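Enquirer: Below is one structure. I have some questions about it.
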Amino acid sequence: MVEGNGSWLTDNNGKRYLDFLQGWAVNCLGHSNPGMIEALNVQAKKLINPSPAFYNEPMIGLSNLLTENSCFDKVFFANSGAEANEGAIKLARKWGQLNKSGAFEIITFDHSFHGRTLATMSASGKPNWDTMFAPQVAGFPKADLNDLDSVKKLVTDKTVAVMLEPVQGEGGVIPTTQEFMRELRKFTKENNILLIADEVQAGCGRTGALFAYQNYGIEPDIMTLGKGIGGGVPLAALLATDAVACFVPGDQGGTYNGNPLMTAVGISVIEQLLAPGFLDAVKAKGELLQSELLKLATEFNLEGERGAGLLRALMLGKDIGPKLVELARDRNPEGLLINSPRPNLLRFMPALNVSDDEIRQMCNMLRELLKEVA
Ligand SMILES: *Cc1c(COP(=O)(O)O)cnc(C)c1O
């Protein structure tokens, strides 16, 4: 790939691709967003790296934007979603040492995805990941999403937190239900257990709310952000309420954490997401994508569709996902970029400012391919 513009990528042969991957839900404002480019240029001329030993202006600006628009009070910046989740795990364990006699177990979920470090792989519920680089980091029992009894069964006096994605992304776009999220919050509160929302994929406007937990009328104790917060540059964040933010300087850190070049881009991204009408437009585009996908499901007798906002999946009912991904990429004159996290479904995570026409165009491309394959 050599160039990107909005929802389109161009390769070294000049072939164009309609991009409904966007770096795996990363480029929330599409390719070559003017606001991000401006922020990068201005900040590059001013200050790139004063070292993480000092606070810097964009870091404080972005922290304020995030805390003013969420239920959290403290922010720690990281470079990837996995690193932010590592921080969340450490924070919960430290809180357990201080407040719960060393409780350290964090209940996570089957089919969840939390990253590729050893601890976050251990927290993830991906098939085969328990043996891939064995032994795992201990302390991550797995429950079933949307089944509170399965959580209750795993709770012991060692349980310090429950960690979940409001919408399981890599697991196949499986939304946490309203009822489950509310009951889980009630149950964890009553039992002095922390709730950690991994919003690396579902956060930053992806579901039509700035943060996905806001769709549920609940407040987690800890949240992690990644992907969309940088709009394509490596930026992630760990957020916590004052009640659980027990890190002291030196507990967690890293060479590039909170560097002004990336956090300046983060400010541009969050400001654009908060611009009047932007998130409402994401909701409307999500509904358009949903209705277009449902038409395809009816036309080709597929299983259906699911998701939230602009994170959606088409359930194919048979294992033709990888084949469709390949045909879509290779189609001419224009390619289409989609993905198949499970062989029986396709996932769509376009730029949040994708146009209605591009959504229809994508579904028309898919319609041609389904005629060939389904
Ligand atoms: C992508 C993802 C991560 C890992 O983020 P990286 O930046 O790849 O380390 C963690 N959690 C969820 C829910 C993700 O989708």
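Letters A, B, ... go to the chains of the structure tokens in the order shown; residues in each chain start at 1; ligands are counted from 1 in the same order.
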Any chance you could list, as a VMD selection string, the residues in segment 228-289 of chain A that come up strand (DSSP E) when DSSP is run on the backbone?
Expert: chain A and resid 236 to 240
Enquirer: Based on the selection just made, write C-alpha atoms of those residues as an mmCIF file, in the first residue's frame.
Expert:
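Saved as part-v1.cif:
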```cif
data_model
loop_
_atom_site.group_PDB
_atom_site.id
_atom_site.type_symbol
_atom_site.label_atom_id
_atom_site.label_comp_id
_atom_site.auth_asym_id
_atom_site.auth_seq_id
_atom_site.Cartn_x
_atom_site.Cartn_y
_atom_site.Cartn_z
ATOM 1 C CA ALA A 236 -3.390 3.889 24.054
ATOM 2 C CA ALA A 237 -4.650 4.809 27.499
ATOM 3 C CA LEU A 238 -5.478 3.344 30.877
ATOM 4 C CA LEU A 239 -8.175 5.216 32.797
ATOM 5 C CA ALA A 240 -9.300 4.726 36.380
#
```
Enquirer: Can you tell me which residues surround Lys323 of chain A at a distance of at most 12 Å, considering only C-alpha atoms, apart from same-chain residues fewer than 2 positions away, and format the answer as a PDB file with all heavy atoms, in the first residue's frame?
Expert:
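Result saved to result_23.pdb:
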```
ATOM      1  N   LEU A 316     -22.649 -15.647   8.106  1.00  0.00           N
ATOM      2  CA  LEU A 316     -22.822 -16.271   6.797  1.00  0.00           C
ATOM      3  C   LEU A 316     -23.530 -17.623   6.868  1.00  0.00           C
ATOM      4  O   LEU A 316     -24.086 -18.092   5.881  1.00  0.00           O
ATOM      5  CB  LEU A 316     -21.449 -16.446   6.139  1.00  0.00           C
ATOM      6  CG  LEU A 316     -20.663 -15.134   5.943  1.00  0.00           C
ATOM      7  CD1 LEU A 316     -19.186 -15.421   5.684  1.00  0.00           C
ATOM      8  CD2 LEU A 316     -21.255 -14.323   4.794  1.00  0.00           C
ATOM      9  N   LYS A 318     -22.198 -20.370   6.877  1.00  0.00           N
ATOM     10  CA  LYS A 318     -21.234 -21.397   6.443  1.00  0.00           C
ATOM     11  C   LYS A 318     -19.847 -20.784   6.361  1.00  0.00           C
ATOM     12  O   LYS A 318     -19.703 -19.558   6.364  1.00  0.00           O
ATOM     13  CB  LYS A 318     -21.655 -22.016   5.101  1.00  0.00           C
ATOM     14  CG  LYS A 318     -22.105 -21.008   4.076  1.00  0.00           C
ATOM     15  CD  LYS A 318     -22.913 -21.664   2.958  1.00  0.00           C
ATOM     16  CE  LYS A 318     -23.896 -20.634   2.443  1.00  0.00           C
ATOM     17  NZ  LYS A 318     -24.807 -20.874   1.466  1.00  0.00           N
ATOM     18  N   ASP A 319     -18.839 -21.659   6.271  1.00  0.00           N
ATOM     19  CA  ASP A 319     -17.452 -21.189   6.406  1.00  0.00           C
ATOM     20  C   ASP A 319     -16.882 -20.629   5.103  1.00  0.00           C
ATOM     21  O   ASP A 319     -15.874 -21.112   4.586  1.00  0.00           O
ATOM     22  CB  ASP A 319     -16.570 -22.329   6.930  1.00  0.00           C
ATOM     23  CG  ASP A 319     -16.896 -22.662   8.372  1.00  0.00           C
ATOM     24  OD1 ASP A 319     -17.712 -21.933   8.981  1.00  0.00           O
ATOM     25  OD2 ASP A 319     -16.351 -23.654   8.887  1.00  0.00           O
ATOM     26  N   ILE A 320     -17.538 -19.580   4.582  1.00  0.00           N
ATOM     27  CA  ILE A 320     -17.066 -18.983   3.324  1.00  0.00           C
ATOM     28  C   ILE A 320     -16.412 -17.623   3.553  1.00  0.00           C
ATOM     29  O   ILE A 320     -16.070 -16.926   2.596  1.00  0.00           O
ATOM     30  CB  ILE A 320     -18.221 -18.840   2.296  1.00  0.00           C
ATOM     31  CG1 ILE A 320     -19.404 -18.082   2.925  1.00  0.00           C
ATOM     32  CG2 ILE A 320     -18.664 -20.205   1.790  1.00  0.00           C
ATOM     33  CD1 ILE A 320     -20.522 -17.771   1.947  1.00  0.00           C
ATOM     34  N   GLY A 321     -16.185 -17.262   4.826  1.00  0.00           N
ATOM     35  CA  GLY A 321     -15.594 -15.965   5.148  1.00  0.00           C
ATOM     36  C   GLY A 321     -14.223 -15.744   4.514  1.00  0.00           C
ATOM     37  O   GLY A 321     -14.018 -14.765   3.784  1.00  0.00           O
ATOM     38  N   VAL A 325     -13.130 -12.890   1.725  1.00  0.00           N
ATOM     39  CA  VAL A 325     -12.103 -11.878   2.004  1.00  0.00           C
ATOM     40  C   VAL A 325     -11.111 -11.813   0.858  1.00  0.00           C
ATOM     41  O   VAL A 325     -10.730 -10.729   0.389  1.00  0.00           O
ATOM     42  CB  VAL A 325     -11.380 -12.207   3.341  1.00  0.00           C
ATOM     43  CG1 VAL A 325     -10.116 -11.368   3.510  1.00  0.00           C
ATOM     44  CG2 VAL A 325     -12.321 -11.973   4.521  1.00  0.00           C
ATOM     45  N   GLU A 326     -10.706 -12.994   0.380  1.00  0.00           N
ATOM     46  CA  GLU A 326      -9.727 -13.074  -0.712  1.00  0.00           C
ATOM     47  C   GLU A 326     -10.302 -12.533  -2.022  1.00  0.00           C
ATOM     48  O   GLU A 326      -9.667 -11.724  -2.703  1.00  0.00           O
ATOM     49  CB  GLU A 326      -9.358 -14.546  -0.904  1.00  0.00           C
ATOM     50  CG  GLU A 326      -7.887 -14.795  -1.125  1.00  0.00           C
ATOM     51  CD  GLU A 326      -7.622 -16.289  -1.105  1.00  0.00           C
ATOM     52  OE1 GLU A 326      -7.522 -16.870   0.000  1.00  0.00           O
ATOM     53  OE2 GLU A 326      -7.555 -16.872  -2.197  1.00  0.00           O
ATOM     54  N   LEU A 327     -11.509 -12.973  -2.351  1.00  0.00           N
ATOM     55  CA  LEU A 327     -12.155 -12.506  -3.591  1.00  0.00           C
ATOM     56  C   LEU A 327     -12.391 -10.998  -3.560  1.00  0.00           C
ATOM     57  O   LEU A 327     -12.249 -10.313  -4.578  1.00  0.00           O
ATOM     58  CB  LEU A 327     -13.493 -13.220  -3.800  1.00  0.00           C
ATOM     59  CG  LEU A 327     -13.428 -14.678  -4.231  1.00  0.00           C
ATOM     60  CD1 LEU A 327     -14.820 -15.302  -4.170  1.00  0.00           C
ATOM     61  CD2 LEU A 327     -12.851 -14.803  -5.648  1.00  0.00           C
ATOM     62  N   ALA A 328     -12.745 -10.493  -2.383  1.00  0.00           N
ATOM     63  CA  ALA A 328     -13.014  -9.055  -2.240  1.00  0.00           C
ATOM     64  C   ALA A 328     -11.743  -8.260  -2.508  1.00  0.00           C
ATOM     65  O   ALA A 328     -11.743  -7.274  -3.249  1.00  0.00           O
ATOM     66  CB  ALA A 328     -13.551  -8.752  -0.837  1.00  0.00           C
ATOM     67  N   ARG A 329     -10.644  -8.712  -1.915  1.00  0.00           N
ATOM     68  CA  ARG A 329      -9.367  -8.007  -2.097  1.00  0.00           C
ATOM     69  C   ARG A 329      -8.930  -8.067  -3.558  1.00  0.00           C
ATOM     70  O   ARG A 329      -8.423  -7.089  -4.117  1.00  0.00           O
ATOM     71  CB  ARG A 329      -8.307  -8.643  -1.200  1.00  0.00           C
ATOM     72  CG  ARG A 329      -6.994  -7.888  -1.120  1.00  0.00           C
ATOM     73  CD  ARG A 329      -5.925  -8.734  -0.461  1.00  0.00           C
ATOM     74  NE  ARG A 329      -5.768 -10.007  -1.166  1.00  0.00           N
ATOM     75  CZ  ARG A 329      -5.671 -11.197  -0.579  1.00  0.00           C
ATOM     76  NH1 ARG A 329      -5.684 -11.306   0.718  1.00  0.00           N
ATOM     77  NH2 ARG A 329      -5.557 -12.292  -1.303  1.00  0.00           N
ATOM     78  N   ASP A 330      -9.157  -9.204  -4.202  1.00  0.00           N
ATOM     79  CA  ASP A 330      -8.636  -9.410  -5.557  1.00  0.00           C
ATOM     80  C   ASP A 330      -9.581  -8.920  -6.651  1.00  0.00           C
ATOM     81  O   ASP A 330      -9.245  -8.972  -7.831  1.00  0.00           O
ATOM     82  CB  ASP A 330      -8.332 -10.899  -5.786  1.00  0.00           C
ATOM     83  CG  ASP A 330      -7.171 -11.362  -4.920  1.00  0.00           C
ATOM     84  OD1 ASP A 330      -6.424 -10.480  -4.434  1.00  0.00           O
ATOM     85  OD2 ASP A 330      -7.022 -12.581  -4.701  1.00  0.00           O
ATOM     86  N   ILE A 338     -12.091  -6.350   3.761  1.00  0.00           N
ATOM     87  CA  ILE A 338     -12.942  -6.751   4.874  1.00  0.00           C
ATOM     88  C   ILE A 338     -12.205  -7.855   5.621  1.00  0.00           C
ATOM     89  O   ILE A 338     -11.139  -8.277   5.176  1.00  0.00           O
ATOM     90  CB  ILE A 338     -14.326  -7.272   4.391  1.00  0.00           C
ATOM     91  CG1 ILE A 338     -14.141  -8.255   3.236  1.00  0.00           C
ATOM     92  CG2 ILE A 338     -15.222  -6.119   3.978  1.00  0.00           C
ATOM     93  CD1 ILE A 338     -15.430  -8.851   2.702  1.00  0.00           C
ATOM     94  N   ASN A 339     -12.743  -8.336   6.733  1.00  0.00           N
ATOM     95  CA  ASN A 339     -12.059  -9.449   7.385  1.00  0.00           C
ATOM     96  C   ASN A 339     -13.019 -10.457   7.988  1.00  0.00           C
ATOM     97  O   ASN A 339     -14.216 -10.224   8.101  1.00  0.00           O
ATOM     98  CB  ASN A 339     -10.968  -8.917   8.331  1.00  0.00           C
ATOM     99  CG  ASN A 339     -11.236  -9.178   9.784  1.00  0.00           C
ATOM    100  OD1 ASN A 339     -12.232  -8.753  10.335  1.00  0.00           O
ATOM    101  ND2 ASN A 339     -10.317  -9.868  10.405  1.00  0.00           N
ATOM    102  N   SER A 340     -12.462 -11.606   8.316  1.00  0.00           N
ATOM    103  CA  SER A 340     -13.261 -12.751   8.736  1.00  0.00           C
ATOM    104  C   SER A 340     -12.652 -13.337  10.005  1.00  0.00           C
ATOM    105  O   SER A 340     -11.911 -14.298   9.950  1.00  0.00           O
ATOM    106  CB  SER A 340     -13.276 -13.796   7.606  1.00  0.00           C
ATOM    107  OG  SER A 340     -13.942 -14.963   8.002  1.00  0.00           O
ATOM    108  N   ARG A 342     -13.893 -15.088  12.235  1.00  0.00           N
ATOM    109  CA  ARG A 342     -14.296 -16.495  12.316  1.00  0.00           C
ATOM    110  C   ARG A 342     -14.739 -16.885  10.908  1.00  0.00           C
ATOM    111  O   ARG A 342     -15.319 -16.052  10.207  1.00  0.00           O
ATOM    112  CB  ARG A 342     -15.480 -16.680  13.266  1.00  0.00           C
ATOM    113  CG  ARG A 342     -15.120 -16.550  14.725  1.00  0.00           C
ATOM    114  CD  ARG A 342     -16.311 -17.013  15.540  1.00  0.00           C
ATOM    115  NE  ARG A 342     -16.121 -16.760  16.957  1.00  0.00           N
ATOM    116  CZ  ARG A 342     -16.890 -17.289  17.904  1.00  0.00           C
ATOM    117  NH1 ARG A 342     -17.906 -18.072  17.576  1.00  0.00           N
ATOM    118  NH2 ARG A 342     -16.670 -17.022  19.171  1.00  0.00           N
ATOM    119  N   PRO A 343     -14.482 -18.119  10.486  1.00  0.00           N
ATOM    120  CA  PRO A 343     -14.748 -18.478   9.081  1.00  0.00           C
ATOM    121  C   PRO A 343     -16.210 -18.326   8.660  1.00  0.00           C
ATOM    122  O   PRO A 343     -16.495 -18.200   7.466  1.00  0.00           O
ATOM    123  CB  PRO A 343     -14.292 -19.942   8.973  1.00  0.00           C
ATOM    124  CG  PRO A 343     -14.079 -20.415  10.367  1.00  0.00           C
ATOM    125  CD  PRO A 343     -13.844 -19.217  11.229  1.00  0.00           C
ATOM    126  N   ASN A 344     -17.129 -18.293   9.631  1.00  0.00           N
ATOM    127  CA  ASN A 344     -18.545 -18.204   9.255  1.00  0.00           C
ATOM    128  C   ASN A 344     -19.104 -16.783   9.368  1.00  0.00           C
ATOM    129  O   ASN A 344     -20.313 -16.586   9.384  1.00  0.00           O
ATOM    130  CB  ASN A 344     -19.386 -19.179  10.080  1.00  0.00           C
ATOM    131  CG  ASN A 344     -19.330 -18.864  11.567  1.00  0.00           C
ATOM    132  OD1 ASN A 344     -18.555 -18.005  12.000  1.00  0.00           O
ATOM    133  ND2 ASN A 344     -20.150 -19.542  12.341  1.00  0.00           N
ATOM    134  N   LEU A 345     -18.202 -15.787   9.464  1.00  0.00           N
ATOM    135  CA  LEU A 345     -18.716 -14.416   9.464  1.00  0.00           C
ATOM    136  C   LEU A 345     -17.707 -13.422   8.905  1.00  0.00           C
ATOM    137  O   LEU A 345     -16.516 -13.706   8.832  1.00  0.00           O
ATOM    138  CB  LEU A 345     -19.197 -13.997  10.860  1.00  0.00           C
ATOM    139  CG  LEU A 345     -18.245 -14.001  12.057  1.00  0.00           C
ATOM    140  CD1 LEU A 345     -17.450 -12.710  12.109  1.00  0.00           C
ATOM    141  CD2 LEU A 345     -19.063 -14.149  13.340  1.00  0.00           C
ATOM    142  N   LEU A 346     -18.237 -12.282   8.484  1.00  0.00           N
ATOM    143  CA  LEU A 346     -17.407 -11.169   8.020  1.00  0.00           C
ATOM    144  C   LEU A 346     -17.560 -10.027   9.005  1.00  0.00           C
ATOM    145  O   LEU A 346     -18.645  -9.795   9.535  1.00  0.00           O
ATOM    146  CB  LEU A 346     -17.865 -10.693   6.634  1.00  0.00           C
ATOM    147  CG  LEU A 346     -17.688 -11.668   5.474  1.00  0.00           C
ATOM    148  CD1 LEU A 346     -18.321 -11.087   4.214  1.00  0.00           C
ATOM    149  CD2 LEU A 346     -16.215 -11.989   5.225  1.00  0.00           C
ATOM    150  N   LEU A 369     -19.994 -10.648  -4.999  1.00  0.00           N
ATOM    151  CA  LEU A 369     -19.170 -11.775  -4.541  1.00  0.00           C
ATOM    152  C   LEU A 369     -20.034 -12.892  -3.984  1.00  0.00           C
ATOM    153  O   LEU A 369     -19.766 -14.081  -4.192  1.00  0.00           O
ATOM    154  CB  LEU A 369     -18.171 -11.302  -3.483  1.00  0.00           C
ATOM    155  CG  LEU A 369     -17.211 -10.200  -3.943  1.00  0.00           C
ATOM    156  CD1 LEU A 369     -16.385  -9.684  -2.764  1.00  0.00           C
ATOM    157  CD2 LEU A 369     -16.292 -10.702  -5.048  1.00  0.00           C
ATOM    158  N   LEU A 370     -21.107 -12.505  -3.260  1.00  0.00           N
ATOM    159  CA  LEU A 370     -21.988 -13.519  -2.696  1.00  0.00           C
ATOM    160  C   LEU A 370     -22.702 -14.304  -3.799  1.00  0.00           C
ATOM    161  O   LEU A 370     -22.961 -15.498  -3.670  1.00  0.00           O
ATOM    162  CB  LEU A 370     -22.997 -12.870  -1.744  1.00  0.00           C
ATOM    163  CG  LEU A 370     -22.439 -12.532  -0.356  1.00  0.00           C
ATOM    164  CD1 LEU A 370     -23.352 -11.548   0.380  1.00  0.00           C
ATOM    165  CD2 LEU A 370     -22.234 -13.785   0.487  1.00  0.00           C
ATOM    166  N   GLU A 372     -21.376 -15.153  -6.514  1.00  0.00           N
ATOM    167  CA  GLU A 372     -20.407 -16.156  -6.962  1.00  0.00           C
ATOM    168  C   GLU A 372     -20.287 -17.315  -5.978  1.00  0.00           C
ATOM    169  O   GLU A 372     -20.140 -18.453  -6.384  1.00  0.00           O
ATOM    170  CB  GLU A 372     -19.008 -15.504  -7.045  1.00  0.00           C
ATOM    171  CG  GLU A 372     -18.578 -15.020  -8.402  1.00  0.00           C
ATOM    172  CD  GLU A 372     -17.197 -14.377  -8.299  1.00  0.00           C
ATOM    173  OE1 GLU A 372     -16.238 -15.116  -8.015  1.00  0.00           O
ATOM    174  OE2 GLU A 372     -17.113 -13.151  -8.456  1.00  0.00           O
ATOM    175  N   VAL A 373     -20.311 -16.966  -4.677  1.00  0.00           N
ATOM    176  CA  VAL A 373     -19.866 -17.933  -3.665  1.00  0.00           C
ATOM    177  C   VAL A 373     -20.997 -18.580  -2.861  1.00  0.00           C
ATOM    178  O   VAL A 373     -20.944 -19.766  -2.556  1.00  0.00           O
ATOM    179  CB  VAL A 373     -18.874 -17.244  -2.688  1.00  0.00           C
ATOM    180  CG1 VAL A 373     -18.510 -18.157  -1.545  1.00  0.00           C
ATOM    181  CG2 VAL A 373     -17.633 -16.800  -3.439  1.00  0.00           C
ATOM    182  N   ALA A 374     -22.037 -17.797  -2.549  1.00  0.00           N
ATOM    183  CA  ALA A 374     -23.025 -18.319  -1.583  1.00  0.00           C
ATOM    184  C   ALA A 374     -23.975 -19.337  -2.209  1.00  0.00           C
ATOM    185  O   ALA A 374     -24.318 -19.261  -3.358  1.00  0.00           O
ATOM    186  CB  ALA A 374     -23.810 -17.150  -0.997  1.00  0.00           C
TER     187      ALA A 374
END
```
Enquirer: Using only C-alpha atoms and all ligand atoms, what are the residues with an atom within 9 Å of ligand 1, set out as an MDAnalysis selection string?
Expert: chainID A and resid 24:26 79:85 112:117 120 124 164:170 198:202 224:227 234:236
Enquirer: One decimal, Å: what's the distance from atom CA of Arg331 of chain A over to atom CA of Lys295 of chain A, could you say?
Expert: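 Separation of atom CA of Arg331 of chain A and atom CA of Lys295 of chain A: 21.7 Å.
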Enquirer: Gln43 of chain A: which residues within 10 Å, counting only C-alpha atoms, same-chain residues fewer than 2 positions away excluded, as number ranges by chain?
Expert: A: 37-41, 45-48, 58, 260-265
Enquirer: Rank A:Asn332, A:Thr207, A:Gln361, A:Ser268 by their smallest atom-to-atom distance to Leu62 of chain A, using only C-alpha atoms, and report the top residue only.
Expert: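 Answer, going by the shortest atom-to-atom distance: A:Ser268.
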